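> My file is upload31.csv. It has CSV, C-alpha atoms:
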chain,number,residue,atom,x,y,z
A,1,MET,CA,-71.4,-22.0,-32.1
A,2,SER,CA,-72.6,-18.5,-32.8
A,3,VAL,CA,-71.1,-15.4,-31.3
A,4,GLY,CA,-73.0,-13.9,-28.5
A,5,ARG,CA,-74.6,-17.1,-27.0
A,6,GLY,CA,-72.9,-16.4,-23.6
A,7,VAL,CA,-71.0,-19.4,-22.2
A,8,VAL,CA,-69.8,-21.4,-25.1
A,9,ALA,CA,-66.8,-23.3,-24.0
A,10,PRO,CA,-64.9,-24.4,-20.9
A,11,ILE,CA,-61.6,-22.8,-19.9
A,12,ALA,CA,-59.0,-25.4,-18.9
A,13,ALA,CA,-55.4,-24.5,-19.5
A,14,ASP,CA,-52.1,-23.8,-17.8
A,15,ALA,CA,-52.0,-20.3,-19.3
A,16,LEU,CA,-54.1,-17.9,-21.4
A,17,LEU,CA,-52.4,-16.2,-24.4
A,18,PHE,CA,-54.3,-13.3,-25.9
A,19,ASP,CA,-53.8,-11.3,-29.0
A,20,ASN,CA,-54.6,-7.6,-28.3
A,21,ASP,CA,-56.1,-5.7,-31.2
A,22,GLY,CA,-59.5,-7.0,-32.0
A,23,THR,CA,-59.2,-9.6,-29.2
A,24,LEU,CA,-59.0,-7.5,-26.0
A,25,VAL,CA,-59.3,-4.0,-27.5
A,26,ASP,CA,-61.2,-2.5,-30.4
A,27,THR,CA,-58.8,-0.6,-32.6
A,28,THR,CA,-60.4,-1.4,-35.9
A,29,SER,CA,-61.3,2.2,-37.0
A,30,ALA,CA,-58.0,3.6,-35.9
A,31,VAL,CA,-55.9,0.9,-37.5
A,32,ASP,CA,-57.9,1.2,-40.8
A,33,ARG,CA,-57.5,5.0,-40.8
A,34,ALA,CA,-53.8,4.8,-40.1
A,35,TRP,CA,-53.2,2.3,-42.9
A,36,HIS,CA,-55.4,4.2,-45.3
A,37,ASP,CA,-53.5,7.4,-44.5
A,38,PHE,CA,-50.2,5.5,-44.9
A,39,ALA,CA,-51.3,4.1,-48.3
A,40,VAL,CA,-52.3,7.6,-49.6
A,41,HIS,CA,-49.1,9.1,-48.2
A,42,HIS,CA,-47.0,6.6,-50.0
A,43,GLY,CA,-49.0,6.3,-53.2
A,44,VAL,CA,-50.3,2.8,-52.6
A,45,ASP,CA,-53.8,1.4,-53.2
A,46,PRO,CA,-55.5,1.7,-49.7
A,47,ALA,CA,-57.8,-1.3,-50.4
A,48,ALA,CA,-54.8,-3.5,-51.2
A,49,VAL,CA,-53.1,-2.5,-48.0
A,50,LEU,CA,-56.1,-2.9,-45.8
A,51,ALA,CA,-56.7,-6.4,-47.2
A,52,VAL,CA,-53.5,-7.7,-45.7
A,53,ALA,CA,-52.6,-5.4,-42.8
A,54,HIS,CA,-54.7,-6.8,-39.9
A,55,GLY,CA,-53.1,-9.2,-37.5
A,56,VAL,CA,-49.6,-9.1,-38.9
A,57,ARG,CA,-46.5,-7.0,-38.1
A,58,ALA,CA,-46.4,-3.6,-39.8
A,59,ASP,CA,-43.0,-4.1,-41.2
A,60,GLU,CA,-44.1,-7.2,-43.0
A,61,THR,CA,-47.1,-5.4,-44.5
A,62,ILE,CA,-44.9,-2.4,-45.5
A,63,GLY,CA,-42.5,-4.9,-47.2
A,64,ARG,CA,-45.3,-6.0,-49.6
A,65,PHE,CA,-45.7,-2.5,-51.0
A,66,LEU,CA,-42.5,-0.5,-50.7
A,67,PRO,CA,-38.9,-1.0,-51.7
A,68,GLU,CA,-36.4,-1.9,-48.9
A,69,SER,CA,-34.8,1.6,-49.1
A,70,GLU,CA,-38.1,3.2,-48.0
A,71,ARG,CA,-39.3,0.8,-45.4
A,72,ALA,CA,-37.7,2.2,-42.3
A,73,ALA,CA,-38.9,5.7,-42.9
A,74,ALA,CA,-42.4,4.4,-43.8
A,75,ALA,CA,-42.5,2.3,-40.6
A,76,ALA,CA,-41.6,5.4,-38.5
A,77,TRP,CA,-44.3,7.4,-40.3
A,78,LEU,CA,-46.9,4.7,-39.5
A,79,ASP,CA,-45.9,4.4,-35.9
A,80,ALA,CA,-46.3,8.1,-35.4
A,81,ARG,CA,-49.8,8.0,-37.1
A,82,GLU,CA,-51.0,5.1,-35.0
A,83,LEU,CA,-49.8,6.8,-31.8
A,84,GLU,CA,-51.8,9.9,-32.8
A,85,LEU,CA,-54.9,7.7,-33.0
A,86,VAL,CA,-54.3,5.6,-29.9
A,87,HIS,CA,-56.9,7.6,-27.9
A,88,GLU,CA,-59.6,5.8,-29.9
A,89,THR,CA,-58.7,2.4,-28.4
A,90,VAL,CA,-61.4,0.9,-26.1
A,91,ALA,CA,-61.5,-2.3,-24.2
A,92,LEU,CA,-63.9,-4.9,-25.5
A,93,PRO,CA,-66.9,-5.7,-23.2
A,94,GLY,CA,-65.8,-7.5,-20.1
A,95,ALA,CA,-62.1,-7.5,-21.0
A,96,ARG,CA,-61.0,-5.2,-18.3
A,97,GLU,CA,-62.8,-7.1,-15.5
A,98,PHE,CA,-61.7,-10.5,-16.8
A,99,LEU,CA,-58.0,-9.4,-17.0
A,100,GLU,CA,-58.2,-7.8,-13.6
A,101,ARG,CA,-59.5,-11.1,-12.2
A,102,LEU,CA,-56.5,-12.9,-13.7
A,103,VAL,CA,-54.2,-10.4,-12.0
A,104,GLU,CA,-56.0,-10.8,-8.7
A,105,LEU,CA,-55.6,-14.6,-8.9
A,106,GLY,CA,-52.0,-14.4,-10.0
A,107,ALA,CA,-52.9,-16.5,-13.0
A,108,PRO,CA,-50.4,-17.1,-15.8
A,109,TRP,CA,-51.4,-15.1,-18.9
A,110,ALA,CA,-49.8,-13.1,-21.7
A,111,ILE,CA,-50.6,-10.7,-24.5
A,112,VAL,CA,-49.0,-11.6,-27.9
A,113,THR,CA,-49.4,-8.8,-30.3
A,114,SER,CA,-48.1,-7.8,-33.8
A,115,ALA,CA,-47.8,-4.2,-32.6
A,116,SER,CA,-44.5,-2.6,-31.4
A,117,ALA,CA,-43.9,-2.5,-27.7
A,118,LEU,CA,-44.5,1.3,-27.6
A,119,LEU,CA,-47.8,1.0,-29.4
A,120,ALA,CA,-48.9,-2.0,-27.4
A,121,HIS,CA,-48.4,-0.3,-24.1
A,122,ALA,CA,-50.1,2.9,-25.3
A,123,ARG,CA,-53.1,0.9,-26.4
A,124,LEU,CA,-53.4,-1.0,-23.1
A,125,ASP,CA,-53.1,2.3,-21.2
A,126,ALA,CA,-55.7,4.0,-23.4
A,127,ALA,CA,-58.1,1.1,-22.9
A,128,GLY,CA,-57.4,0.9,-19.1
A,129,LEU,CA,-56.2,-2.7,-19.3
A,130,PRO,CA,-53.6,-4.2,-16.9
A,131,THR,CA,-50.1,-5.0,-18.1
A,132,PRO,CA,-49.8,-8.8,-18.4
A,133,PRO,CA,-47.1,-10.8,-16.7
A,134,VAL,CA,-45.7,-11.5,-20.2
A,135,LEU,CA,-46.0,-9.2,-23.2
A,136,VAL,CA,-44.7,-10.4,-26.5
A,137,THR,CA,-44.6,-7.7,-29.3
A,138,ALA,CA,-43.3,-7.3,-32.8
A,139,ASP,CA,-40.0,-6.2,-31.2
A,140,ASP,CA,-39.4,-9.6,-29.6
A,141,VAL,CA,-39.5,-12.0,-32.7
A,142,ALA,CA,-37.7,-12.1,-36.0
A,143,VAL,CA,-40.8,-13.3,-37.9
A,144,GLY,CA,-44.4,-12.3,-37.1
A,145,LYS,CA,-47.8,-14.2,-37.2
A,146,PRO,CA,-48.7,-16.6,-38.8
A,147,ASP,CA,-45.3,-17.9,-37.7
A,148,PRO,CA,-45.8,-19.5,-34.2
A,149,ALA,CA,-42.6,-18.0,-32.7
A,150,CYS,CA,-44.5,-15.3,-30.8
A,151,TYR,CA,-46.7,-17.8,-29.0
A,152,LEU,CA,-43.9,-20.2,-28.4
A,153,LEU,CA,-41.9,-17.4,-26.8
A,154,ALA,CA,-44.9,-16.4,-24.6
A,155,ALA,CA,-45.3,-19.9,-23.4
A,156,THR,CA,-41.6,-20.2,-22.7
A,157,ARG,CA,-41.6,-17.0,-20.7
A,158,LEU,CA,-44.5,-18.2,-18.6
A,159,GLY,CA,-42.8,-21.6,-18.1
A,160,VAL,CA,-45.6,-23.7,-19.6
A,161,ASP,CA,-46.1,-26.1,-22.5
A,162,PRO,CA,-47.7,-24.4,-25.5
A,163,ALA,CA,-49.9,-27.4,-25.9
A,164,SER,CA,-51.4,-26.6,-22.4
A,165,CYS,CA,-52.3,-23.0,-23.4
A,166,ILE,CA,-55.4,-21.4,-24.8
A,167,VAL,CA,-54.8,-18.8,-27.5
A,168,VAL,CA,-57.5,-16.2,-28.1
A,169,GLU,CA,-57.3,-14.6,-31.6
A,170,ASP,CA,-59.6,-12.7,-34.0
A,171,VAL,CA,-58.0,-13.0,-37.5
A,172,GLY,CA,-56.5,-15.7,-39.7
A,173,ALA,CA,-52.8,-15.0,-39.2
A,174,GLY,CA,-53.1,-15.1,-35.5
A,175,LEU,CA,-55.3,-18.3,-35.5
A,176,ARG,CA,-52.7,-20.0,-37.7
A,177,ALA,CA,-49.9,-18.9,-35.4
A,178,GLY,CA,-51.6,-20.3,-32.3
A,179,ARG,CA,-52.5,-23.6,-34.0
A,180,ALA,CA,-48.9,-24.0,-35.3
A,181,ALA,CA,-47.7,-23.4,-31.7
A,182,GLY,CA,-49.8,-26.4,-30.7
A,183,ALA,CA,-52.3,-24.5,-28.5
A,184,ARG,CA,-56.0,-24.8,-28.2
A,185,ILE,CA,-57.6,-21.9,-30.1
A,186,VAL,CA,-60.6,-19.8,-29.3
A,187,VAL,CA,-61.9,-17.3,-31.9
A,188,ARG,CA,-62.9,-13.8,-30.5
A,189,GLY,CA,-65.5,-12.2,-32.8
A,190,ASP,CA,-67.0,-13.1,-36.2
A,191,TYR,CA,-64.0,-13.8,-38.4
A,192,ALA,CA,-64.9,-16.7,-40.6
A,193,GLY,CA,-62.2,-18.5,-42.5
A,194,PRO,CA,-60.9,-22.0,-43.0
A,195,GLU,CA,-58.9,-21.6,-39.8
A,196,THR,CA,-62.0,-21.4,-37.7
A,197,ALA,CA,-63.6,-24.7,-38.6
A,198,GLY,CA,-64.5,-26.6,-35.4
A,199,LEU,CA,-63.2,-23.9,-33.0
A,200,ASP,CA,-65.0,-22.4,-30.0
A,201,ARG,CA,-66.0,-18.8,-30.5
A,202,ILE,CA,-66.8,-16.0,-28.1
A,203,ALA,CA,-68.3,-12.5,-28.6
A,204,ASP,CA,-66.7,-10.9,-25.6
A,205,TYR,CA,-65.8,-11.5,-21.9
A,206,THR,CA,-68.9,-10.3,-20.2
A,207,ARG,CA,-69.9,-13.8,-19.0
A,208,ALA,CA,-66.5,-15.3,-18.5
A,209,THR,CA,-65.6,-16.8,-15.1
A,210,ILE,CA,-62.2,-17.9,-14.0
A,211,THR,CA,-60.6,-19.7,-11.0
A,212,LEU,CA,-57.1,-20.8,-10.3
A,213,HIS,CA,-56.0,-24.2,-9.2
A,214,ALA,CA,-52.7,-25.5,-7.8
A,215,THR,CA,-52.4,-28.3,-10.4
A,216,SER,CA,-52.7,-28.4,-14.1
A,217,PRO,CA,-54.8,-27.2,-15.8
A,218,ARG,CA,-54.2,-24.2,-13.5
A,219,VAL,CA,-56.7,-21.8,-15.1
A,220,ARG,CA,-60.3,-23.0,-15.2
A,221,GLY,CA,-63.7,-21.5,-15.9
A,222,HIS,CA,-66.0,-20.8,-18.8
A,223,TRP,CA,-66.2,-18.2,-21.5
Can the structure in the file be given as structure tokens, please?

Amino acid sequence: MSVGRGVVAPIAADALLFDNDGTLVDTTSAVDRAWHDFAVHHGVDPAAVLAVAHGVRADETIGRFLPESERAAAAAWLDARELELVHETVALPGAREFLERLVELGAPWAIVTSASALLAHARLDAAGLPTPPVLVTADDVAVGKPDPACYLLAATRLGVDPASCIVVEDVGAGLRAGRAAGARIVVRGDYAGPETAGLDRIADYTRATITLHATSPRVRGHW
């Protein structure tokens, strides 16, 4: 299914689990700029860093390029730079309205991000998005995406079976994490990789509809 065809798939789940960057908010230019500046500052090839930085925890990307003795200071430098650029964060079309509808309904949903808690909250605030009932960040798990621990934790905190959840993601590491957790996967955007074969895909949330039912699957509608 091509991105932008409107309603492309039904929503039927006990909970919705969203990645944040690239899935609910557009941070691409800010993230690219922060990592580029990081690479230049630390004498690393920017192209090599940008090729692996999206969708995974910053400390794991940093660990690919810097010795252990430099990683803590480098992570602090990157955090500060990303916070300087947080004002560039904008909600994807329809995301604010869709999430506000989930809040209005009291629906079970979570955001599961590779960003730190501080940065995740700053980006949600900058985009004008509501805080979810459950927010899982890089600070909550020992291993980041593509490991499924983050999505398993979100499902546990919501009190639902991961297999009854829909995970919405935009890059390979996140898609693999959601699949490994046993959830149904929906791709947000135009990422094309082996992980996307056979998956439903949405461009944004402008045509999404949602209702809440007393029995499973509790969250129903269409993208």
> Check which residues of region 46-100 of chain A sit at most 9 Å from region 112-126 of chain A using all atoms listed in the file, and return one row each with the closest pair of atoms and their distance in Å to one decimal, ordered by chain and rising number, as JSON lines.

{"residue": "A:Gly55", "atom": "CA", "partner": "A:Ser114", "partner_atom": "CA", "distance": 6.4}
{"residue": "A:Val56", "atom": "CA", "partner": "A:Ser114", "partner_atom": "CA", "distance": 5.5}
{"residue": "A:Arg57", "atom": "CA", "partner": "A:Ser114", "partner_atom": "CA", "distance": 4.7}
{"residue": "A:Ala58", "atom": "CA", "partner": "A:Ala115", "partner_atom": "CA", "distance": 7.4}
{"residue": "A:Asp79", "atom": "CA", "partner": "A:Leu119", "partner_atom": "CA", "distance": 7.6}
{"residue": "A:Glu82", "atom": "CA", "partner": "A:Leu119", "partner_atom": "CA", "distance": 7.6}
{"residue": "A:Leu83", "atom": "CA", "partner": "A:Leu119", "partner_atom": "CA", "distance": 6.6}
{"residue": "A:Val86", "atom": "CA", "partner": "A:Arg123", "partner_atom": "CA", "distance": 6.0}
{"residue": "A:His87", "atom": "CA", "partner": "A:Ala126", "partner_atom": "CA", "distance": 5.9}
{"residue": "A:Glu88", "atom": "CA", "partner": "A:Ala126", "partner_atom": "CA", "distance": 7.8}
{"residue": "A:Thr89", "atom": "CA", "partner": "A:Ala126", "partner_atom": "CA", "distance": 6.0}
{"residue": "A:Val90", "atom": "CA", "partner": "A:Ala126", "partner_atom": "CA", "distance": 7.0}
{"residue": "A:Ala91", "atom": "CA", "partner": "A:Leu124", "partner_atom": "CA", "distance": 8.3}
> Near Tyr191 (chain A), counting all atoms listed in the file, which residues have an atom at most 9 Å away, once you skip same-chain residues fewer than 4 positions from it, shown as JSON, numbers by chain?
{"A": [170, 171, 172, 187, 196]}
> If you keep C-alpha atoms, can you produce a file of those selected residues as a short mmCIF file (atom, residue, chain, number, x, y, z; two decimals), keeping the file's coordinate frame?

data_model
loop_
_atom_site.label_atom_id
_atom_site.label_comp_id
_atom_site.auth_asym_id
_atom_site.auth_seq_id
_atom_site.Cartn_x
_atom_site.Cartn_y
_atom_site.Cartn_z
CA ASP A 170 -59.60 -12.70 -34.00
CA VAL A 171 -58.00 -13.00 -37.50
CA GLY A 172 -56.50 -15.70 -39.70
CA VAL A 187 -61.90 -17.30 -31.90
CA THR A 196 -62.00 -21.40 -37.70
#
> Adding 3 Å on each side of the box along x, y and z that holds all listed atoms of region 73-85 of chain A, could you give its centre and edge lengths in Å to one decimal, as JSON?

{"center_x": -46.9, "center_y": 6.1, "center_z": -37.8, "size_x": 22.0, "size_y": 13.6, "size_z": 18.0}
> Using CA of Val168 (chain A) and CA of Ser29 (chain A) as the two end points, give the distance in Å to one decimal.
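Spanning CA of Val168 (chain A) to CA of Ser29 (chain A) is a straight-line distance of 20.8 Å.
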> Might you pull out every residue within 10 Å of Leu105 (chain A), with only C-alpha atoms counted and same-chain residues fewer than 6 positions away left off, and present them as a list in words?
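Final neighbour list, sorted by chain and number: Leu99, Ile210, Thr211, Leu212, His213 and Val219 of chain A.
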> Given all atoms listed in the file as the basis, pick out the residue of A:Phe65, A:Trp223, A:Tyr205, A:Tyr151 nearest to Asp19 (chain A).
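Answer, going by the shortest atom-to-atom distance: A:Tyr151.
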> List as a list in words: which residues have an atom within 7 Å of (-63.5, -7.3, -30.9), counting all atoms listed in the file?
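Residues found, by chain and rising number: Gly22, Thr23, Leu24, Val25, Asp26, Leu92, Arg188 and Gly189 of chain A.
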> Skip Val52 (chain A) itself and residues of its chain fewer than 5 positions away, then list as a PyMOL selection string all residues within 10 Å of it, counting only C-alpha atoms.
chain A and resi 47+60-61+64+173
> Using C-alpha atoms, can you write the selected residues to a file as a PDB file, in the coordinates of the input?

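Written out: again_2.pdb:
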ATOM      1  CA  ALA A  47     -57.800  -1.300 -50.400  1.00  0.00           C
ATOM      2  CA  GLU A  60     -44.100  -7.200 -43.000  1.00  0.00           C
ATOM      3  CA  THR A  61     -47.100  -5.400 -44.500  1.00  0.00           C
ATOM      4  CA  ARG A  64     -45.300  -6.000 -49.600  1.00  0.00           C
ATOM      5  CA  ALA A 173     -52.800 -15.000 -39.200  1.00  0.00           C
TER       6      ALA A 173
END
> Can you measure CA of Thr209 (chain A) to CA of Val103 (chain A) for me? One decimal in Å is fine.
13.4 Å
> Between CA of His54 (chain A) and CA of Ala181 (chain A), what is the distance, to one decimal in Å?
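Going from CA of His54 (chain A) over to CA of Ala181 (chain A), I get 19.8 Å.
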> Near Pro108 (chain A), counting all atoms listed in the file, which residues have an atom at most 10 Å away, once you skip same-chain residues fewer than 4 positions from it, shown as a VMD selection string?
chain A and resid 13 to 17 102 to 103 132 to 134 155 158 to 160 165 212 218 to 219
> Region 77-170 of chain A near region 39-42 of chain A within 12 Å: what's each residue's closest atom pair and its distance in Å to one decimal, counting all atoms listed in the file, ordered by chain then ascending residue number, as a tab-separated table?

residue	atom	partner	partner_atom	distance
A:Trp77	CA	A:His41	CA	9.4
A:Leu78	CA	A:Ala39	CA	9.9
A:Arg81	CA	A:His41	CA	11.2
